[in-house]
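**Student:** Pasting data_38.tsv here (TSV, N, CA, C and O atoms):
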```tsv
chain	number	residue	atom	x	y	z
W	8	MET	N	-8.16	-64.18	10.14
W	8	MET	CA	-7.65	-63.36	9.05
W	8	MET	C	-7.37	-61.95	9.57
W	8	MET	O	-8.13	-61.41	10.35
W	9	ILE	N	-6.28	-61.40	9.14
W	9	ILE	CA	-5.98	-60.02	9.52
W	9	ILE	C	-6.01	-59.15	8.27
W	9	ILE	O	-5.79	-59.63	7.16
W	10	ARG	N	-6.27	-57.89	8.50
W	10	ARG	CA	-6.30	-56.93	7.38
W	10	ARG	C	-5.10	-56.01	7.51
W	10	ARG	O	-4.79	-55.52	8.59
W	11	ILE	N	-4.46	-55.78	6.40
W	11	ILE	CA	-3.32	-54.86	6.37
W	11	ILE	C	-3.88	-53.45	6.12
W	11	ILE	O	-4.60	-53.24	5.15
W	12	PRO	N	-3.55	-52.50	7.02
W	12	PRO	CA	-4.03	-51.14	6.83
W	12	PRO	C	-3.59	-50.57	5.48
W	12	PRO	O	-2.52	-50.91	4.96
W	13	ILE	N	-4.42	-49.72	4.92
W	13	ILE	CA	-4.15	-49.12	3.61
W	13	ILE	C	-2.76	-48.47	3.58
W	13	ILE	O	-2.04	-48.60	2.60
W	14	GLU	N	-2.39	-47.80	4.67
W	14	GLU	CA	-1.10	-47.10	4.72
W	14	GLU	C	0.09	-48.04	4.55
W	14	GLU	O	1.16	-47.64	4.11
W	15	LEU	N	-0.11	-49.32	4.91
W	15	LEU	CA	1.01	-50.26	4.88
W	15	LEU	C	1.01	-51.19	3.67
W	15	LEU	O	1.97	-51.92	3.47
W	16	ARG	N	-0.01	-51.16	2.88
W	16	ARG	CA	-0.12	-52.12	1.77
W	16	ARG	C	1.01	-52.02	0.76
W	16	ARG	O	1.33	-53.00	0.09
W	17	GLU	N	1.62	-50.88	0.69
W	17	GLU	CA	2.76	-50.70	-0.21
W	17	GLU	C	4.03	-51.38	0.34
W	17	GLU	O	4.92	-51.74	-0.41
W	18	TYR	N	4.06	-51.57	1.66
W	18	TYR	CA	5.27	-52.05	2.33
W	18	TYR	C	5.17	-53.47	2.88
W	18	TYR	O	6.18	-54.12	3.08
W	19	VAL	N	3.95	-53.92	3.14
W	19	VAL	CA	3.74	-55.21	3.81
W	19	VAL	C	2.77	-56.06	3.00
W	19	VAL	O	1.78	-55.55	2.48
W	20	GLU	N	3.07	-57.36	2.90
W	20	GLU	CA	2.17	-58.29	2.20
W	20	GLU	C	1.94	-59.50	3.07
W	20	GLU	O	2.78	-59.89	3.87
W	21	LEU	N	0.79	-60.12	2.89
W	21	LEU	CA	0.47	-61.37	3.55
W	21	LEU	C	0.39	-62.42	2.45
W	21	LEU	O	-0.57	-62.45	1.68
W	22	GLU	N	1.44	-63.23	2.35
W	22	GLU	CA	1.52	-64.23	1.29
W	22	GLU	C	1.68	-65.61	1.91
W	22	GLU	O	2.53	-65.82	2.76
W	23	GLU	N	0.85	-66.54	1.46
W	23	GLU	CA	0.91	-67.92	1.93
W	23	GLU	C	0.95	-68.00	3.45
W	23	GLU	O	1.70	-68.79	4.02
W	24	GLY	N	0.17	-67.16	4.10
W	24	GLY	CA	0.08	-67.20	5.56
W	24	GLY	C	1.24	-66.55	6.29
W	24	GLY	O	1.34	-66.64	7.50
W	25	LYS	N	2.12	-65.88	5.56
W	25	LYS	CA	3.27	-65.21	6.19
W	25	LYS	C	3.20	-63.71	5.96
W	25	LYS	O	2.92	-63.26	4.85
W	26	LEU	N	3.47	-62.98	7.02
W	26	LEU	CA	3.50	-61.52	6.95
W	26	LEU	C	4.92	-61.11	6.55
W	26	LEU	O	5.87	-61.45	7.24
W	27	GLU	N	5.05	-60.42	5.44
W	27	GLU	CA	6.37	-60.05	4.93
W	27	GLU	C	6.45	-58.56	4.64
W	27	GLU	O	5.53	-57.99	4.05
W	28	ILE	N	7.57	-57.96	5.05
W	28	ILE	CA	7.85	-56.57	4.71
W	28	ILE	C	8.58	-56.60	3.37
W	28	ILE	O	9.65	-57.19	3.26
W	29	VAL	N	7.98	-55.99	2.36
W	29	VAL	CA	8.53	-56.09	1.01
W	29	VAL	C	9.42	-54.92	0.62
W	29	VAL	O	10.18	-55.01	-0.34
W	30	LYS	N	9.32	-53.81	1.35
W	30	LYS	CA	10.23	-52.70	1.14
W	30	LYS	C	10.32	-51.88	2.42
W	30	LYS	O	9.44	-51.98	3.27
W	31	PRO	N	11.37	-51.11	2.60
W	31	PRO	CA	11.56	-50.36	3.84
W	31	PRO	C	10.36	-49.49	4.21
W	31	PRO	O	9.80	-48.80	3.35
W	32	VAL	N	9.98	-49.57	5.48
W	32	VAL	CA	8.82	-48.83	5.98
W	32	VAL	C	9.29	-47.49	6.54
W	32	VAL	O	10.23	-47.45	7.33
W	33	PRO	N	8.65	-46.39	6.14
W	33	PRO	CA	9.02	-45.08	6.67
W	33	PRO	C	8.90	-45.03	8.20
W	33	PRO	O	8.06	-45.72	8.79
W	34	GLN	N	9.73	-44.22	8.80
W	34	GLN	CA	9.78	-44.10	10.26
W	34	GLN	C	8.43	-43.80	10.88
W	34	GLN	O	8.08	-44.36	11.91
W	35	ASP	N	7.63	-42.95	10.26
W	35	ASP	CA	6.35	-42.58	10.85
W	35	ASP	C	5.32	-43.72	10.83
W	35	ASP	O	4.34	-43.68	11.56
W	36	LEU	N	5.56	-44.75	10.02
W	36	LEU	CA	4.65	-45.90	9.97
W	36	LEU	C	5.14	-47.09	10.78
W	36	LEU	O	4.44	-48.10	10.89
W	37	GLN	N	6.33	-46.97	11.36
W	37	GLN	CA	6.90	-48.08	12.13
W	37	GLN	C	5.98	-48.56	13.26
W	37	GLN	O	5.80	-49.77	13.42
W	38	PRO	N	5.38	-47.66	14.06
W	38	PRO	CA	4.49	-48.14	15.13
W	38	PRO	C	3.32	-48.97	14.61
W	38	PRO	O	2.90	-49.94	15.24
W	39	LEU	N	2.82	-48.62	13.44
W	39	LEU	CA	1.72	-49.36	12.84
W	39	LEU	C	2.17	-50.76	12.43
W	39	LEU	O	1.44	-51.73	12.60
W	40	VAL	N	3.39	-50.87	11.92
W	40	VAL	CA	3.94	-52.18	11.53
W	40	VAL	C	4.13	-53.04	12.78
W	40	VAL	O	3.79	-54.23	12.77
W	41	ILE	N	4.63	-52.46	13.84
W	41	ILE	CA	4.85	-53.21	15.09
W	41	ILE	C	3.51	-53.73	15.62
W	41	ILE	O	3.41	-54.89	16.04
W	42	GLU	N	2.50	-52.89	15.58
W	42	GLU	CA	1.16	-53.31	16.02
W	42	GLU	C	0.62	-54.44	15.14
W	42	GLU	O	0.08	-55.42	15.64
W	43	LEU	N	0.80	-54.32	13.84
W	43	LEU	CA	0.35	-55.34	12.91
W	43	LEU	C	1.07	-56.66	13.15
W	43	LEU	O	0.45	-57.73	13.15
W	44	GLN	N	2.38	-56.61	13.40
W	44	GLN	CA	3.14	-57.82	13.67
W	44	GLN	C	2.65	-58.49	14.96
W	44	GLN	O	2.57	-59.72	15.04
W	45	GLY	N	2.30	-57.69	15.96
W	45	GLY	CA	1.77	-58.24	17.21
W	45	GLY	C	0.44	-58.94	16.99
W	45	GLY	O	0.21	-60.03	17.51
W	46	ILE	N	-0.42	-58.32	16.21
W	46	ILE	CA	-1.73	-58.92	15.89
W	46	ILE	C	-1.52	-60.22	15.12
W	46	ILE	O	-2.16	-61.23	15.39
W	47	TYR	N	-0.60	-60.20	14.17
W	47	TYR	CA	-0.31	-61.39	13.37
W	47	TYR	C	0.18	-62.54	14.25
W	47	TYR	O	-0.29	-63.66	14.15
W	48	ARG	N	1.13	-62.23	15.16
W	48	ARG	CA	1.66	-63.26	16.06
W	48	ARG	C	0.56	-63.83	16.95
W	48	ARG	O	0.51	-65.03	17.19
W	49	LYS	N	-0.31	-62.96	17.43
W	49	LYS	CA	-1.41	-63.39	18.30
W	49	LYS	C	-2.35	-64.34	17.55
W	49	LYS	O	-2.81	-65.33	18.09
W	50	LYS	N	-2.62	-64.02	16.30
W	50	LYS	CA	-3.50	-64.88	15.49
W	50	LYS	C	-2.84	-66.22	15.18
W	50	LYS	O	-3.52	-67.22	15.02
W	51	GLN	N	-1.51	-66.25	15.09
W	51	GLN	CA	-0.79	-67.48	14.79
W	51	GLN	C	-0.60	-68.36	16.01
W	51	GLN	O	-0.40	-69.55	15.90
W	52	ASP	N	-0.67	-67.76	17.20
W	52	ASP	CA	-0.46	-68.50	18.45
W	52	ASP	C	-1.81	-69.00	18.95
W	52	ASP	O	-2.54	-68.31	19.62
W	53	PHE	N	-2.10	-70.26	18.65
W	53	PHE	CA	-3.39	-70.82	19.00
W	53	PHE	C	-3.52	-71.10	20.49
W	53	PHE	O	-4.60	-71.38	20.97
W	54	THR	N	-2.42	-71.04	21.23
W	54	THR	CA	-2.50	-71.29	22.66
W	54	THR	C	-3.01	-70.08	23.43
W	54	THR	O	-3.43	-70.20	24.56
W	55	ASP	N	-2.98	-68.89	22.82
W	55	ASP	CA	-3.45	-67.68	23.48
W	55	ASP	C	-4.94	-67.51	23.23
W	55	ASP	O	-5.35	-66.88	22.27
W	56	LEU	N	-5.74	-68.08	24.11
W	56	LEU	CA	-7.18	-68.01	23.95
W	56	LEU	C	-7.82	-67.09	24.99
W	56	LEU	O	-9.03	-67.13	25.18
W	57	ALA	N	-7.03	-66.27	25.65
W	57	ALA	CA	-7.51	-65.42	26.72
W	57	ALA	C	-8.66	-64.52	26.28
W	57	ALA	O	-9.60	-64.29	27.03
W	58	GLU	N	-8.60	-64.02	25.05
W	58	GLU	CA	-9.64	-63.10	24.60
W	58	GLU	C	-10.99	-63.82	24.39
W	58	GLU	O	-12.02	-63.18	24.33
W	59	TYR	N	-10.98	-65.15	24.32
W	59	TYR	CA	-12.21	-65.89	24.11
W	59	TYR	C	-12.83	-66.41	25.41
W	59	TYR	O	-13.94	-66.89	25.42
W	60	ARG	N	-12.08	-66.33	26.51
W	60	ARG	CA	-12.59	-66.79	27.79
W	60	ARG	C	-13.55	-65.77	28.38
W	60	ARG	O	-13.37	-64.58	28.22
W	61	ARG	N	-14.52	-66.27	29.10
W	61	ARG	CA	-15.49	-65.35	29.73
W	61	ARG	C	-15.50	-65.56	31.21
W	61	ARG	O	-15.29	-66.51	31.77
```
Go through the file and emit its structure as structure tokens.

**Tutor:**
Amino acid sequence: MIRIPIELREYVELEEGKLEIVKPVPQDLQPLVIELQGIYRKKQDFTDLAEYRR
């Protein structure tokens, strides 16, 4: 499960397992959206288990 930062909750929703941008994101929040999308993709890609290897 991922958490959407408070700053983005107005612009981004997680519905039925899909991350959706519901309205245009201000320029200053774009890096945060990109980071969130990366985290979301990583969580969806079950083949990337590198962080769990020791």

**Student:** Just asking: which residues within stretch 21-59 of chain W are strand (DSSP E or B) according to DSSP, as a compact mmCIF listing (two decimals) with N, CA, C and O atoms, in the coordinates of the input?

**Tutor:**
```txt
# COMPACT_ATOMS: atom_id res chain seq x y z
N LEU W 21 0.79 -60.12 2.89
CA LEU W 21 0.47 -61.37 3.55
C LEU W 21 0.39 -62.42 2.45
O LEU W 21 -0.57 -62.45 1.68
N GLU W 22 1.44 -63.23 2.35
CA GLU W 22 1.52 -64.23 1.29
C GLU W 22 1.68 -65.61 1.91
O GLU W 22 2.53 -65.82 2.76
N LYS W 25 2.12 -65.88 5.56
CA LYS W 25 3.27 -65.21 6.19
C LYS W 25 3.20 -63.71 5.96
O LYS W 25 2.92 -63.26 4.85
N LEU W 26 3.47 -62.98 7.02
CA LEU W 26 3.50 -61.52 6.95
C LEU W 26 4.92 -61.11 6.55
O LEU W 26 5.87 -61.45 7.24
N GLU W 27 5.05 -60.42 5.44
CA GLU W 27 6.37 -60.05 4.93
C GLU W 27 6.45 -58.56 4.64
O GLU W 27 5.53 -57.99 4.05
N ILE W 28 7.57 -57.96 5.05
CA ILE W 28 7.85 -56.57 4.71
C ILE W 28 8.58 -56.60 3.37
O ILE W 28 9.65 -57.19 3.26
```

**Student:** Once you count all atoms listed in the file, which residues end up no further than 8 Å from (-4.8, -64.7, 8.8) in the file's frame, shown as a list in words?

**Tutor:**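 Residues satisfying the cut-off, written out: Met8, Ile9, Arg10, Gly24, Lys25, Ile46, Tyr47, Lys50 and Gln51 of chain W.
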
**Student:** Between atom C of W:Gly45 and atom CA of W:Val32, what is the spacing in Å?

**Tutor:** 17.1 Å

**Student:** Contacts of W:Lys30 at 12 Å or less, counting only C-alpha atoms, minus same-chain residues fewer than 2 places along, as a PDB file with N, CA, C and O atoms, in the coordinates of the input?

**Tutor:**
```pdb
ATOM      1  N   LEU W  15      -0.110 -49.320   4.910  1.00  0.00           N
ATOM      2  CA  LEU W  15       1.010 -50.260   4.880  1.00  0.00           C
ATOM      3  C   LEU W  15       1.010 -51.190   3.670  1.00  0.00           C
ATOM      4  O   LEU W  15       1.970 -51.920   3.470  1.00  0.00           O
ATOM      5  N   ARG W  16      -0.010 -51.160   2.880  1.00  0.00           N
ATOM      6  CA  ARG W  16      -0.120 -52.120   1.770  1.00  0.00           C
ATOM      7  C   ARG W  16       1.010 -52.020   0.760  1.00  0.00           C
ATOM      8  O   ARG W  16       1.330 -53.000   0.090  1.00  0.00           O
ATOM      9  N   GLU W  17       1.620 -50.880   0.690  1.00  0.00           N
ATOM     10  CA  GLU W  17       2.760 -50.700  -0.210  1.00  0.00           C
ATOM     11  C   GLU W  17       4.030 -51.380   0.340  1.00  0.00           C
ATOM     12  O   GLU W  17       4.920 -51.740  -0.410  1.00  0.00           O
ATOM     13  N   TYR W  18       4.060 -51.570   1.660  1.00  0.00           N
ATOM     14  CA  TYR W  18       5.270 -52.050   2.330  1.00  0.00           C
ATOM     15  C   TYR W  18       5.170 -53.470   2.880  1.00  0.00           C
ATOM     16  O   TYR W  18       6.180 -54.120   3.080  1.00  0.00           O
ATOM     17  N   VAL W  19       3.950 -53.920   3.140  1.00  0.00           N
ATOM     18  CA  VAL W  19       3.740 -55.210   3.810  1.00  0.00           C
ATOM     19  C   VAL W  19       2.770 -56.060   3.000  1.00  0.00           C
ATOM     20  O   VAL W  19       1.780 -55.550   2.480  1.00  0.00           O
ATOM     21  N   GLU W  20       3.070 -57.360   2.900  1.00  0.00           N
ATOM     22  CA  GLU W  20       2.170 -58.290   2.200  1.00  0.00           C
ATOM     23  C   GLU W  20       1.940 -59.500   3.070  1.00  0.00           C
ATOM     24  O   GLU W  20       2.780 -59.890   3.870  1.00  0.00           O
ATOM     25  N   GLU W  27       5.050 -60.420   5.440  1.00  0.00           N
ATOM     26  CA  GLU W  27       6.370 -60.050   4.930  1.00  0.00           C
ATOM     27  C   GLU W  27       6.450 -58.560   4.640  1.00  0.00           C
ATOM     28  O   GLU W  27       5.530 -57.990   4.050  1.00  0.00           O
ATOM     29  N   ILE W  28       7.570 -57.960   5.050  1.00  0.00           N
ATOM     30  CA  ILE W  28       7.850 -56.570   4.710  1.00  0.00           C
ATOM     31  C   ILE W  28       8.580 -56.600   3.370  1.00  0.00           C
ATOM     32  O   ILE W  28       9.650 -57.190   3.260  1.00  0.00           O
ATOM     33  N   VAL W  32       9.980 -49.570   5.480  1.00  0.00           N
ATOM     34  CA  VAL W  32       8.820 -48.830   5.980  1.00  0.00           C
ATOM     35  C   VAL W  32       9.290 -47.490   6.540  1.00  0.00           C
ATOM     36  O   VAL W  32      10.230 -47.450   7.330  1.00  0.00           O
ATOM     37  N   PRO W  33       8.650 -46.390   6.140  1.00  0.00           N
ATOM     38  CA  PRO W  33       9.020 -45.080   6.670  1.00  0.00           C
ATOM     39  C   PRO W  33       8.900 -45.030   8.200  1.00  0.00           C
ATOM     40  O   PRO W  33       8.060 -45.720   8.790  1.00  0.00           O
TER      41      PRO W  33
END
```

**Student:** Interatomic distance between atom CA of W:Glu42 and atom N of W:Ile11?

**Tutor:**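 Answer for the atom CA of W:Glu42 to atom N of W:Ile11 separation: 11.4 Å.
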
**Student:** Write out as a ChimeraX atom specification the set of residues from stretch 15-56 of chain W that DSSP, computed on the backbone, places in helix (DSSP H, G or I).

**Tutor:** /W:15,34-51

**Student:** With N, CA, C and O atoms retained, export the selected residues as a PDB file, in the frame of the given file.

**Tutor:**
```
ATOM      1  N   LEU W  15      -0.110 -49.320   4.910  1.00  0.00           N
ATOM      2  CA  LEU W  15       1.010 -50.260   4.880  1.00  0.00           C
ATOM      3  C   LEU W  15       1.010 -51.190   3.670  1.00  0.00           C
ATOM      4  O   LEU W  15       1.970 -51.920   3.470  1.00  0.00           O
ATOM      5  N   GLN W  34       9.730 -44.220   8.800  1.00  0.00           N
ATOM      6  CA  GLN W  34       9.780 -44.100  10.260  1.00  0.00           C
ATOM      7  C   GLN W  34       8.430 -43.800  10.880  1.00  0.00           C
ATOM      8  O   GLN W  34       8.080 -44.360  11.910  1.00  0.00           O
ATOM      9  N   ASP W  35       7.630 -42.950  10.260  1.00  0.00           N
ATOM     10  CA  ASP W  35       6.350 -42.580  10.850  1.00  0.00           C
ATOM     11  C   ASP W  35       5.320 -43.720  10.830  1.00  0.00           C
ATOM     12  O   ASP W  35       4.340 -43.680  11.560  1.00  0.00           O
ATOM     13  N   LEU W  36       5.560 -44.750  10.020  1.00  0.00           N
ATOM     14  CA  LEU W  36       4.650 -45.900   9.970  1.00  0.00           C
ATOM     15  C   LEU W  36       5.140 -47.090  10.780  1.00  0.00           C
ATOM     16  O   LEU W  36       4.440 -48.100  10.890  1.00  0.00           O
ATOM     17  N   GLN W  37       6.330 -46.970  11.360  1.00  0.00           N
ATOM     18  CA  GLN W  37       6.900 -48.080  12.130  1.00  0.00           C
ATOM     19  C   GLN W  37       5.980 -48.560  13.260  1.00  0.00           C
ATOM     20  O   GLN W  37       5.800 -49.770  13.420  1.00  0.00           O
ATOM     21  N   PRO W  38       5.380 -47.660  14.060  1.00  0.00           N
ATOM     22  CA  PRO W  38       4.490 -48.140  15.130  1.00  0.00           C
ATOM     23  C   PRO W  38       3.320 -48.970  14.610  1.00  0.00           C
ATOM     24  O   PRO W  38       2.900 -49.940  15.240  1.00  0.00           O
ATOM     25  N   LEU W  39       2.820 -48.620  13.440  1.00  0.00           N
ATOM     26  CA  LEU W  39       1.720 -49.360  12.840  1.00  0.00           C
ATOM     27  C   LEU W  39       2.170 -50.760  12.430  1.00  0.00           C
ATOM     28  O   LEU W  39       1.440 -51.730  12.600  1.00  0.00           O
ATOM     29  N   VAL W  40       3.390 -50.870  11.920  1.00  0.00           N
ATOM     30  CA  VAL W  40       3.940 -52.180  11.530  1.00  0.00           C
ATOM     31  C   VAL W  40       4.130 -53.040  12.780  1.00  0.00           C
ATOM     32  O   VAL W  40       3.790 -54.230  12.770  1.00  0.00           O
ATOM     33  N   ILE W  41       4.630 -52.460  13.840  1.00  0.00           N
ATOM     34  CA  ILE W  41       4.850 -53.210  15.090  1.00  0.00           C
ATOM     35  C   ILE W  41       3.510 -53.730  15.620  1.00  0.00           C
ATOM     36  O   ILE W  41       3.410 -54.890  16.040  1.00  0.00           O
ATOM     37  N   GLU W  42       2.500 -52.890  15.580  1.00  0.00           N
ATOM     38  CA  GLU W  42       1.160 -53.310  16.020  1.00  0.00           C
ATOM     39  C   GLU W  42       0.620 -54.440  15.140  1.00  0.00           C
ATOM     40  O   GLU W  42       0.080 -55.420  15.640  1.00  0.00           O
ATOM     41  N   LEU W  43       0.800 -54.320  13.840  1.00  0.00           N
ATOM     42  CA  LEU W  43       0.350 -55.340  12.910  1.00  0.00           C
ATOM     43  C   LEU W  43       1.070 -56.660  13.150  1.00  0.00           C
ATOM     44  O   LEU W  43       0.450 -57.730  13.150  1.00  0.00           O
ATOM     45  N   GLN W  44       2.380 -56.610  13.400  1.00  0.00           N
ATOM     46  CA  GLN W  44       3.140 -57.820  13.670  1.00  0.00           C
ATOM     47  C   GLN W  44       2.650 -58.490  14.960  1.00  0.00           C
ATOM     48  O   GLN W  44       2.570 -59.720  15.040  1.00  0.00           O
ATOM     49  N   GLY W  45       2.300 -57.690  15.960  1.00  0.00           N
ATOM     50  CA  GLY W  45       1.770 -58.240  17.210  1.00  0.00           C
ATOM     51  C   GLY W  45       0.440 -58.940  16.990  1.00  0.00           C
ATOM     52  O   GLY W  45       0.210 -60.030  17.510  1.00  0.00           O
ATOM     53  N   ILE W  46      -0.420 -58.320  16.210  1.00  0.00           N
ATOM     54  CA  ILE W  46      -1.730 -58.920  15.890  1.00  0.00           C
ATOM     55  C   ILE W  46      -1.520 -60.220  15.120  1.00  0.00           C
ATOM     56  O   ILE W  46      -2.160 -61.230  15.390  1.00  0.00           O
ATOM     57  N   TYR W  47      -0.600 -60.200  14.170  1.00  0.00           N
ATOM     58  CA  TYR W  47      -0.310 -61.390  13.370  1.00  0.00           C
ATOM     59  C   TYR W  47       0.180 -62.540  14.250  1.00  0.00           C
ATOM     60  O   TYR W  47      -0.290 -63.660  14.150  1.00  0.00           O
ATOM     61  N   ARG W  48       1.130 -62.230  15.160  1.00  0.00           N
ATOM     62  CA  ARG W  48       1.660 -63.260  16.060  1.00  0.00           C
ATOM     63  C   ARG W  48       0.560 -63.830  16.950  1.00  0.00           C
ATOM     64  O   ARG W  48       0.510 -65.030  17.190  1.00  0.00           O
ATOM     65  N   LYS W  49      -0.310 -62.960  17.430  1.00  0.00           N
ATOM     66  CA  LYS W  49      -1.410 -63.390  18.300  1.00  0.00           C
ATOM     67  C   LYS W  49      -2.350 -64.340  17.550  1.00  0.00           C
ATOM     68  O   LYS W  49      -2.810 -65.330  18.090  1.00  0.00           O
ATOM     69  N   LYS W  50      -2.620 -64.020  16.300  1.00  0.00           N
ATOM     70  CA  LYS W  50      -3.500 -64.880  15.490  1.00  0.00           C
ATOM     71  C   LYS W  50      -2.840 -66.220  15.180  1.00  0.00           C
ATOM     72  O   LYS W  50      -3.520 -67.220  15.020  1.00  0.00           O
ATOM     73  N   GLN W  51      -1.510 -66.250  15.090  1.00  0.00           N
ATOM     74  CA  GLN W  51      -0.790 -67.480  14.790  1.00  0.00           C
ATOM     75  C   GLN W  51      -0.600 -68.360  16.010  1.00  0.00           C
ATOM     76  O   GLN W  51      -0.400 -69.550  15.900  1.00  0.00           O
TER      77      GLN W  51
END
```

**Student:** Rounded to one decimal, what separation in Å do you get between atom CA of W:Pro12 and atom CA of W:Leu36?

**Tutor:** 10.6 Å

**Student:** Return as AutoDock Vina command-line options the box centre and box size in Å, one decimal, for an axis-aligned box around all listed atoms of stretch 20-32 of chain W padded by 8 Å per side.

**Tutor:**
```
--center_x 5.5 --center_y -58.1 --center_z 3.6 --size_x 28.1 --size_y 37.3 --size_z 23.8
```
